Structure formats: structure tokens, C-alpha cells
$ cat run32.txt   # compact mmCIF, C-alpha atoms
# COMPACT_ATOMS: atom_id res chain seq x y z
CA MET A 391 10.63 6.40 -47.52
CA LYS A 392 7.23 6.59 -45.82
CA ALA A 393 6.72 6.78 -42.08
CA VAL A 394 4.13 7.89 -39.55
CA VAL A 395 5.56 10.91 -37.76
CA ARG A 396 4.42 12.36 -34.45
CA ARG A 397 4.41 16.08 -35.20
CA ASN A 398 2.69 18.72 -33.08
CA LYS A 399 0.92 15.93 -31.14
CA GLN A 400 -0.58 14.60 -34.36
CA LEU A 401 0.23 11.51 -36.44
CA VAL A 402 1.18 12.40 -40.00
CA CYS A 403 2.04 9.96 -42.78
CA ASP A 404 5.00 11.60 -44.49
CA GLU A 405 8.22 11.03 -46.39
CA ILE A 406 11.43 10.91 -44.34
CA GLU A 407 15.08 10.46 -45.29
CA GLU A 408 16.34 7.10 -46.47
CA LEU A 409 18.58 5.22 -44.04
CA VAL A 410 22.16 4.06 -44.53
CA PRO A 411 23.53 1.48 -42.06
CA ALA A 412 26.70 2.50 -40.23
CA GLU A 413 29.29 0.12 -38.82
CA GLY A 414 27.68 -2.57 -36.72
CA GLN A 415 24.21 -1.82 -38.08
CA VAL A 416 21.79 -3.48 -40.48
CA LEU A 417 19.08 -1.98 -42.67
CA VAL A 418 15.79 -3.82 -42.25
CA LYS A 419 12.35 -3.74 -43.79
CA THR A 420 9.58 -3.39 -41.22
CA LEU A 421 7.17 -6.31 -41.59
CA ALA A 422 4.90 -5.67 -38.61
CA CYS A 423 4.95 -3.43 -35.54
CA GLY A 424 2.51 -3.43 -32.65
CA ILE A 425 0.88 -0.31 -31.26
CA CYS A 426 1.71 -0.12 -27.56
CA GLY A 427 -0.19 1.61 -24.79
CA SER A 428 2.86 3.79 -24.24
CA ASP A 429 2.51 4.97 -27.85
CA LEU A 430 -1.08 6.00 -27.19
CA HIS A 431 -0.02 7.97 -24.12
CA ALA A 432 3.05 9.46 -25.77
CA LEU A 433 1.05 10.94 -28.64
CA HIS A 434 -0.38 13.61 -26.34
CA HIS A 435 1.89 13.45 -23.29
CA MET A 436 5.41 12.78 -24.58
CA GLU A 437 6.87 15.81 -22.84
CA HIS A 438 5.59 14.61 -19.47
CA MET A 439 6.87 11.09 -20.10
CA VAL A 440 10.35 12.37 -20.91
CA ASP A 441 10.36 14.57 -17.82
CA LEU A 442 9.42 11.61 -15.61
CA SER A 443 12.13 9.47 -17.20
CA ARG A 444 14.80 12.08 -16.60
CA ARG A 445 13.67 12.59 -13.01
CA ALA A 446 13.98 8.82 -12.55
CA GLY A 447 17.59 8.95 -13.70
CA GLY A 448 16.90 7.49 -17.13
CA MET A 449 19.39 7.66 -19.95
CA ASP A 450 19.46 11.11 -21.56
CA SER A 451 20.13 10.75 -25.27
CA GLY A 452 19.24 14.33 -26.05
CA PHE A 453 15.77 13.33 -27.21
CA ASP A 454 13.55 16.35 -27.85
CA PRO A 455 9.87 15.44 -27.37
CA ARG A 456 8.83 18.50 -29.37
CA ALA A 457 10.68 17.34 -32.49
CA ASP A 458 9.53 14.78 -35.07
CA THR A 459 9.39 11.22 -33.74
CA VAL A 460 8.50 7.93 -35.43
CA PHE A 461 6.94 5.54 -32.91
CA GLY A 462 7.14 1.75 -32.94
CA HIS A 463 9.14 -0.59 -30.67
CA GLU A 464 7.26 -3.93 -30.96
CA PHE A 465 8.45 -5.15 -34.34
CA CYS A 466 9.41 -7.99 -36.62
CA ALA A 467 11.58 -7.07 -39.60
CA GLU A 468 13.49 -8.50 -42.57
CA ILE A 469 17.19 -7.88 -43.18
CA LEU A 470 17.89 -5.89 -46.35
CA ASP A 471 21.55 -4.87 -46.09
CA HIS A 472 24.52 -4.72 -43.71
CA GLY A 473 26.72 -1.80 -42.74
CA PRO A 474 30.51 -1.79 -43.12
CA GLY A 475 32.44 -4.37 -41.12
CA ALA A 476 29.35 -6.47 -40.48
CA GLN A 477 29.67 -10.12 -39.44
CA LYS A 478 26.75 -11.01 -41.79
CA THR A 479 25.84 -14.02 -39.68
CA LEU A 480 22.22 -13.49 -40.71
CA LYS A 481 21.70 -13.04 -44.43
CA PRO A 482 19.40 -10.64 -46.29
CA GLY A 483 15.87 -11.98 -46.28
CA THR A 484 16.11 -13.30 -42.72
CA ARG A 485 13.25 -12.32 -40.44
CA VAL A 486 14.44 -10.90 -37.11
CA VAL A 487 13.34 -9.28 -33.89
CA SER A 488 15.42 -7.10 -31.61
CA MET A 489 15.27 -5.15 -28.41
CA PRO A 490 14.39 -1.61 -29.56
CA ALA A 491 17.75 -0.01 -28.87
CA VAL A 492 20.39 0.86 -31.46
CA MET A 493 24.06 1.62 -30.90
CA THR A 494 25.18 4.72 -32.79
CA ALA A 495 28.19 7.01 -32.79
CA GLN A 496 26.16 9.44 -30.68
CA GLY A 497 25.17 6.77 -28.15
CA VAL A 498 22.16 4.50 -27.70
CA GLU A 499 18.97 5.42 -29.52
CA LEU A 500 15.68 3.98 -28.21
CA LEU A 501 13.52 3.18 -31.22
CA GLY A 502 10.13 4.80 -30.99
CA PHE A 503 11.54 7.48 -28.71
CA SER A 504 14.24 8.96 -30.90
CA ASN A 505 14.60 12.02 -33.12
CA ARG A 506 17.48 10.51 -35.09
CA LEU A 507 16.21 7.04 -35.98
CA PRO A 508 12.68 5.92 -36.90
CA GLY A 509 10.85 3.18 -35.07
CA GLY A 510 8.62 0.53 -36.57
CA PHE A 511 5.93 2.85 -37.91
CA SER A 512 8.15 3.26 -40.97
CA GLU A 513 8.99 1.26 -44.07
CA ARG A 514 12.58 0.67 -42.95
CA MET A 515 14.69 0.85 -39.79
CA LEU A 516 18.28 0.57 -38.65
CA LEU A 517 19.10 -2.07 -36.03
CA THR A 518 22.26 -3.17 -34.25
CA GLU A 519 23.55 -6.38 -35.84
CA ALA A 520 24.78 -7.87 -32.56
CA MET A 521 21.29 -7.57 -31.03
CA LEU A 522 19.35 -9.37 -33.76
CA LEU A 523 17.49 -12.59 -33.03
CA GLU A 524 16.38 -14.72 -35.96
CA VAL A 525 12.71 -15.65 -35.90
CA PRO A 526 12.74 -19.46 -35.43
CA ASN A 527 10.47 -22.37 -36.26
CA GLY A 528 8.50 -20.56 -38.93
CA LEU A 529 6.85 -18.41 -36.26
CA PRO A 530 4.39 -16.14 -38.11
CA THR A 531 5.42 -12.52 -38.39
CA ASP A 532 2.45 -11.17 -36.44
CA GLN A 533 3.29 -13.47 -33.52
CA ALA A 534 7.02 -12.67 -33.65
CA ALA A 535 6.09 -8.99 -33.28
CA MET A 536 4.61 -9.87 -29.89
CA THR A 537 8.05 -10.72 -28.48
CA GLU A 538 8.69 -7.25 -27.06
CA PRO A 539 5.40 -6.75 -25.19
CA PHE A 540 5.41 -10.30 -23.84
CA ALA A 541 8.98 -9.86 -22.60
CA VAL A 542 7.55 -7.17 -20.32
CA GLY A 543 5.35 -9.84 -18.74
CA ALA A 544 8.29 -12.20 -18.40
CA HIS A 545 10.23 -9.56 -16.47
CA ALA A 546 7.34 -8.86 -14.12
CA VAL A 547 7.00 -12.56 -13.33
CA ALA A 548 10.76 -12.89 -12.83
CA LYS A 549 10.62 -10.13 -10.21
CA ALA A 550 7.77 -11.80 -8.32
CA ARG A 551 8.74 -13.95 -5.35
CA LEU A 552 6.57 -16.85 -6.47
CA GLU A 553 6.59 -20.16 -4.67
CA SER A 554 5.27 -23.57 -5.71
CA LYS A 555 1.99 -22.92 -3.86
CA SER A 556 1.64 -19.26 -4.82
CA VAL A 557 -1.70 -17.91 -6.04
CA SER A 558 -1.50 -15.01 -8.49
CA LEU A 559 -4.05 -12.31 -9.22
CA VAL A 560 -3.61 -10.27 -12.39
CA VAL A 561 -5.60 -7.03 -12.23
CA GLY A 562 -6.13 -5.62 -15.70
CA CYS A 563 -6.02 -7.78 -18.84
CA GLY A 564 -4.81 -5.28 -21.38
CA PRO A 565 -1.54 -6.07 -23.22
CA VAL A 566 0.58 -5.91 -20.03
CA GLY A 567 -1.77 -8.11 -18.03
CA LEU A 568 -2.05 -10.62 -20.85
CA ALA A 569 1.74 -10.76 -21.09
CA VAL A 570 1.95 -11.45 -17.34
CA ILE A 571 -0.61 -14.25 -17.63
CA GLY A 572 1.32 -15.79 -20.52
CA ALA A 573 4.58 -15.64 -18.57
CA LEU A 574 3.01 -17.10 -15.42
CA LYS A 575 1.59 -20.09 -17.27
CA ALA A 576 4.79 -20.56 -19.30
CA ALA A 577 6.68 -20.87 -16.01
CA GLY A 578 4.16 -23.38 -14.68
CA HIS A 579 2.57 -21.14 -12.05
CA GLY A 580 -1.02 -21.39 -10.94
CA PRO A 581 -3.71 -20.92 -10.05
CA VAL A 582 -3.88 -17.58 -11.84
CA ILE A 583 -6.86 -15.28 -11.32
CA ALA A 584 -7.45 -12.66 -14.01
CA ALA A 585 -9.74 -9.67 -13.54
CA ASP A 586 -10.95 -7.12 -16.09
CA TYR A 587 -14.19 -5.28 -16.84
CA SER A 588 -13.88 -5.99 -20.58
CA PRO A 589 -15.44 -9.24 -21.86
CA ARG A 590 -13.05 -9.28 -24.79
CA ARG A 591 -10.01 -8.97 -22.57
CA ARG A 592 -11.34 -11.61 -20.18
CA ALA A 593 -11.75 -13.99 -23.11
CA ALA A 594 -8.17 -13.32 -24.19
CA ALA A 595 -6.96 -13.98 -20.64
CA GLU A 596 -8.77 -17.30 -20.56
CA ARG A 597 -7.23 -18.39 -23.87
CA LEU A 598 -3.79 -17.58 -22.47
CA GLY A 599 -4.41 -19.97 -19.60
CA ALA A 600 -5.88 -17.95 -16.72
CA ASP A 601 -7.48 -20.46 -14.36
CA ILE A 602 -10.17 -18.13 -13.00
CA VAL A 603 -11.50 -15.14 -14.92
CA ILE A 604 -13.49 -12.52 -13.03
CA ASP A 605 -15.61 -9.52 -13.99
CA PRO A 606 -14.98 -7.01 -11.16
CA ALA A 607 -18.40 -5.49 -11.82
CA ALA A 608 -19.99 -8.77 -10.70
CA GLU A 609 -17.51 -10.12 -8.14
CA SER A 610 -14.53 -8.86 -6.19
CA PRO A 611 -11.28 -10.33 -7.55
CA HIS A 612 -10.28 -10.85 -3.91
CA ALA A 613 -13.23 -13.08 -3.06
CA ARG A 614 -11.43 -16.28 -4.09
CA TRP A 615 -8.30 -16.10 -1.89
CA GLU A 616 -9.56 -18.22 1.00
CA ALA A 617 -10.96 -20.93 -1.28
CA LEU A 618 -7.55 -21.17 -2.97
CA GLY A 619 -5.70 -21.69 0.30
CA VAL A 620 -4.71 -18.10 1.08
CA PRO A 621 -5.77 -16.86 4.52
CA THR A 622 -6.31 -13.13 4.16
CA SER A 623 -5.74 -11.83 7.70
CA ARG A 624 -2.52 -11.75 9.67
CA ALA A 625 -4.28 -13.43 12.59
CA ALA A 626 -5.34 -16.40 10.49
CA GLN A 627 -1.88 -16.67 8.93
CA SER A 628 -0.21 -16.59 12.36
CA MET A 629 -2.49 -19.34 13.64
CA ILE A 630 -1.62 -21.60 10.72
CA GLN A 631 2.10 -20.99 11.25
CA MET A 632 1.83 -21.67 15.00
CA MET A 633 0.19 -25.00 14.20
CA GLY A 634 3.13 -25.88 11.93
CA GLY A 635 1.18 -25.38 8.72
CA THR A 636 1.90 -23.46 5.53
CA PHE A 637 -0.24 -21.53 3.10
CA ALA A 638 -0.06 -20.32 -0.46
CA ARG A 639 1.81 -17.03 -0.91
CA PRO A 640 -0.36 -14.38 -2.62
CA VAL A 641 1.09 -12.29 -5.44
CA VAL A 642 -0.90 -9.51 -7.10
CA PHE A 643 0.12 -8.03 -10.45
CA GLU A 644 -1.15 -4.47 -10.94
CA CYS A 645 -1.46 -4.06 -14.72
CA VAL A 646 -3.83 -1.10 -14.98
CA GLY A 647 -1.63 1.91 -14.28
CA ALA A 648 -4.40 4.29 -13.19
CA PRO A 649 -4.56 6.49 -10.08
CA GLY A 650 -6.28 4.82 -7.16
CA VAL A 651 -5.67 1.24 -8.24
CA LEU A 652 -2.59 0.70 -6.09
CA GLN A 653 -4.33 1.99 -2.97
CA SER A 654 -7.33 -0.25 -3.62
CA LEU A 655 -5.05 -3.28 -3.91
CA ILE A 656 -3.19 -2.42 -0.71
CA GLU A 657 -6.52 -2.36 1.09
CA ALA A 658 -8.00 -5.50 -0.49
CA ALA A 659 -5.00 -7.84 -0.91
CA PRO A 660 -4.27 -10.50 1.72
CA ALA A 661 -1.82 -9.66 4.47
CA GLY A 662 1.76 -10.35 3.41
CA ALA A 663 0.96 -10.13 -0.29
CA GLN A 664 3.51 -8.97 -2.81
CA ILE A 665 2.06 -6.42 -5.24
CA VAL A 666 4.07 -6.29 -8.47
CA VAL A 667 3.36 -2.96 -10.15
CA ALA A 668 3.64 -3.47 -13.91
CA GLY A 669 1.06 -0.91 -14.97
CA VAL A 670 2.67 2.47 -15.59
CA CYS A 671 0.70 5.26 -13.93
CA MET A 672 1.85 8.55 -15.46
CA GLU A 673 0.00 10.72 -12.95
CA SER A 674 0.55 11.56 -9.32
CA ASP A 675 -1.10 8.98 -7.10
CA ARG A 676 -1.77 8.61 -3.39
CA ILE A 677 -1.43 5.65 -1.06
CA GLU A 678 -1.79 5.26 2.71
CA PRO A 679 1.45 3.57 3.81
CA SER A 680 0.09 2.74 7.27
CA ILE A 681 -2.27 0.16 5.80
CA ALA A 682 0.55 -1.44 3.80
CA VAL A 683 2.79 -1.40 6.88
CA THR A 684 0.18 -3.02 9.12
CA LYS A 685 -0.52 -5.74 6.54
CA GLU A 686 3.20 -6.09 5.66
CA ILE A 687 2.44 -5.60 2.00
CA GLU A 688 5.46 -5.77 -0.28
CA LEU A 689 5.51 -3.37 -3.26
CA THR A 690 7.69 -4.24 -6.24
CA PHE A 691 7.87 -1.88 -9.22
CA VAL A 692 9.03 -3.33 -12.54
CA PHE A 693 10.01 -1.91 -15.90
CA GLY A 694 11.21 -3.35 -19.23
CA TYR A 695 13.09 -6.64 -19.48
CA SER A 696 16.58 -8.10 -19.79
CA PRO A 697 18.14 -9.47 -22.99
CA VAL A 698 17.79 -12.98 -21.58
CA GLU A 699 14.08 -12.45 -20.87
CA PHE A 700 13.58 -11.06 -24.38
CA ALA A 701 15.27 -14.07 -26.00
CA GLN A 702 13.40 -16.54 -23.78
CA THR A 703 10.12 -14.91 -24.71
CA LEU A 704 10.85 -15.37 -28.41
CA HIS A 705 11.67 -19.02 -27.69
CA ASN A 706 8.40 -19.51 -25.79
CA LEU A 707 6.39 -18.00 -28.64
CA ALA A 708 8.15 -20.09 -31.27
CA GLU A 709 7.72 -23.32 -29.29
CA GLY A 710 4.04 -22.67 -28.63
CA VAL A 711 4.58 -22.41 -24.88
CA ILE A 712 2.77 -19.07 -25.10
CA ASP A 713 0.04 -18.96 -27.75
CA VAL A 714 -0.52 -15.42 -29.01
CA SER A 715 -2.20 -16.43 -32.27
CA HIS A 716 -5.54 -14.95 -31.15
CA LEU A 717 -4.31 -11.59 -29.87
CA VAL A 718 -3.85 -9.63 -33.11
CA THR A 719 -7.31 -8.28 -33.86
CA GLY A 720 -6.44 -5.81 -36.60
CA SER A 721 -3.76 -4.66 -39.04
CA VAL A 722 -3.36 -1.29 -40.73
CA GLY A 723 -1.05 0.31 -43.23
CA LEU A 724 0.83 3.49 -42.45
CA ASP A 725 -2.10 5.64 -43.54
CA GLY A 726 -4.35 3.85 -41.05
CA VAL A 727 -2.26 4.36 -37.93
CA ALA A 728 -4.04 7.51 -36.71
CA GLY A 729 -7.38 5.74 -36.94
CA ALA A 730 -5.97 2.70 -35.13
CA PHE A 731 -4.90 4.91 -32.22
CA GLU A 732 -8.50 6.07 -31.88
CA ALA A 733 -9.90 2.53 -32.16
CA LEU A 734 -7.64 1.28 -29.36
CA GLY A 735 -9.36 3.65 -26.96
CA ASP A 736 -12.20 1.10 -26.82
CA PRO A 737 -11.12 -2.16 -25.08
CA GLU A 738 -13.96 -4.02 -26.79
CA ALA A 739 -12.82 -2.99 -30.26
CA HIS A 740 -9.35 -4.53 -30.26
CA VAL A 741 -6.73 -6.38 -28.24
CA LYS A 742 -3.67 -5.63 -30.41
CA ILE A 743 -3.37 -3.78 -33.72
CA LEU A 744 -0.30 -4.24 -35.91
CA VAL A 745 1.11 -1.66 -38.28
CA ARG A 746 2.11 -3.32 -41.57
CA PRO A 747 3.80 -0.80 -43.87
CA ASP A 748 3.19 -3.02 -46.92
CA LEU A 749 -0.60 -2.66 -46.65
$ encode --input "run32.txt" --output "C-alpha cells"
Amino acid sequence: MKAVVRRNKQLVCDEIEELVPAEGQVLVKTLACGICGSDLHALHHMEHMVDLSRRAGGMDSGFDPRADTVFGHEFCAEILDHGPGAQKTLKPGTRVVSMPAVMTAQGVELLGFSNRLPGGFSERMLLTEAMLLEVPNGLPTDQAAMTEPFAVGAHAVAKARLESKSVSLVVGCGPVGLAVIGALKAAGHGPVIAADYSPRRRAAAERLGADIVIDPAAESPHARWEALGVPTSRAAQSMIQMMGGTFARPVVFECVGAPGVLQSLIEAAPAGAQIVVAGVCMESDRIEPSIAVTKEIELTFVFGYSPVEFAQTLHNLAEGVIDVSHLVTGSVGLDGVAGAFEALGDPEAHVKILVRPDL
């Protein structure tokens, strides 16, 4: 079968071995798979990513970043066949999504970051039957494929200590920031400020429900705190508390993942703010802890999502609680994946590109 293989830091459309489902597995046809920012980074820096993961105590499945890898972990697929001993609760032809992890005799394989099993940039995949979620309510395939990236936003919001009067600032409206905005509005939080230099991304943030959308080139994203009921200095906050008053708790979501951003937020955020770091900076960075200490800034680092958050995200998409119908700005076949990686380097060119092996 055909797949797009990362080989020698290049993307090559090639033939790979056919797949046979083992016990507890299903064979699926890939219908659509999103290209993630982590895919873009991994193309050239996979070895560094794996080293960081291992240093962080991540699961070591024996993955060799120098060997062939088929990316793709944001997918919607169709069941083709079941392995031996399958429950067959979902029949062939059923559209499904799944967390991108597969149970095998050798252990857990993370799809998109595996040498043994291909991810969604392939015509077919193997998935674990017990982890499948049927796509409900006739949710279109391209929107169902957004379950995985939007679950990342749901997890970031779940880790935030939001209150009824909280004001949220989302810095960076790429896929992670958009997922955070969607999760915030799905949970009924607001006001939500969204900031990004890209007009296209700001427009996407507004459609997802951001209450205030700011171009940082024209206005500081931190200029609105006071008007929204958030005193920015510790002195002002203490005075309000001494008078028996309350104020909105500020929460900042860092969704850029570039060196220097975290330090700039520590300096600019209101005193007592929680900064939820959802952007994944792959480089060494530098912060000045004394400023964060003096302002009593709370740093919360988040990664991935839980099975419950993944399932709830699918539900929110299917029920229209989160509308992602406008986010897919392009689709390519397997032979167009390399070009799509280049196109995604321009934030004005696309928001999300899907790989559709049938094209």
C-alpha cells in the first residue's frame, strides 16, 4: 500500500507492507489526517524531539528516529476488517476516530512516531479495537479528524484554574491556540482575548468565539486587562481585597512555543496570573524567576489529553458546540504531502491541511 515515509529527513511517497490486524486490533482505511505542527518540526528535528522525550521520562518503545517513519496522528478512518478474537461492536464501514496509540505484542506504539506501524499519512492503519470511537451525528470526516488537535485544547483548559469571573488571554492562534479558544467557549468561559500577528488566524479565532481579537503589532494584548476587571499590580489587587472586593482571575495560555515568549508573558501578565504553557518550545529558553516570584506568577505546563477529554471533544464537535467547519483550508493526496509541509510554513496560506489518501 502507499504511504508517505519520512526517510533521511525527506518525505517520500512509497510502497510499504500491507497490514494484518492482530488480536484486539482492527484494519482501517484512512479517510483524512491532519498535518500537525509537531509533524512539521519532526521532519527535520525528530532526533532532538526523541531525545527530549526520553530525558523527560517518556515511554521508550524502541523508536529509532533515523529509521523510516510514517507520520499522522490526527485522523478519521473507516473500519475494513477485525483481527482474531475481536468483539466486532463496530462493523466494517463504520467511521471512527481514536487516540493515536496502538496496543501490540511489543508494547504501545504511538502512531506517527513509530517504526513498526504507519500513521495516517498512509492508505491503511491498524488501531486498537477497544479505543475506537464511532463518529456520531453524521459529523463530516474533515471535522471528525479535528478531534485529536482540539482535545489538546480541552486538556489545557482543564488544567487552568478558571473561575466564573476569569479573563483568558490566548497568545498565538495557530492550531493549538484555536483549540484552546474552542475549549474555553465550549466550557462557557469568557471573556476570551485572542492575539496573533496573522490576519487569517485572527479571523479563525473570532469565528471560534474569541470575544476580543488583537493584532500585537498594533496593540499590546495586555492593554485590556484593567477594562475587563483585572487589576494588574499586586498593590491594586491588595487594596481591592482589603476593601472586601473581588476581581477576575487572569489566565494566560501560551500557544506559540518559541524562545522568549514565556519570559515576555511573565513580565507583561498581571500579578497572580496563571500562565498555561501549551505551546511546545523545542529549544533551550531563558526566564528570570525573580520577576515571576515577585508577581506570584503560576506556571502550568500541559501536554496531550486524557481519554475522557478526547471523547468529550468528539462529542462537542458532533453537537456543534465547537464549530470547526471553517478550519480546513486545504486537502492533498499522498503525493502532495511534501508540498503541504512547505505551504504550512506561511500562516496566511493555510490554517489546517488534511491528507486524504484517496485523492
$ residues_around --input "run32.txt" --residues "A:Ala607" --least-positions-apart "4" --cutoff "12 Å" --atoms "only C-alpha atoms" --output "list in words"
Ala585, Asp586, Tyr587, Ser588, Pro589 and Pro611 of chain A
$ residues_around --input "run32.txt" --residues "A:Ala658" --least-positions-apart "5" --cutoff "10 Å" --atoms "all atoms listed in the file" --output "CSV table (one decimal) with C-alpha atoms, in the coordinates of the input"
chain,number,residue,atom,x,y,z
A,610,SER,CA,-14.5,-8.9,-6.2
A,611,PRO,CA,-11.3,-10.3,-7.6
A,612,HIS,CA,-10.3,-10.8,-3.9
A,613,ALA,CA,-13.2,-13.1,-3.1
A,622,THR,CA,-6.3,-13.1,4.2
A,652,LEU,CA,-2.6,0.7,-6.1
A,653,GLN,CA,-4.3,2.0,-3.0
$ atom_distance --input "run32.txt" --atom1 "atom CA of A:Pro747" --atom2 "atom CA of A:Glu538"
18.7 Å
$ residues_around --input "run32.txt" --residues "stretch 559-573 of chain A" --least-positions-apart "5" --cutoff "9 Å" --atoms "only C-alpha atoms" --output "ChimeraX atom specification"
/A:426-427,539-548,578-579,581-588,591-592,594-595,598-600,611-612,640-647,668-669,703,711-714,737,741-742
$ closest_residue --input "run32.txt" --among "A:Ala593, A:Val486, A:Ala550, A:Ala648" --to "A:Leu574" --atoms "only C-alpha atoms"
A:Ala550
$ closest_residue --input "run32.txt" --among "A:Asp532, A:Leu749, A:Ile656, A:Leu523" --to "A:Thr719" --atoms "all atoms listed in the file"
A:Asp532
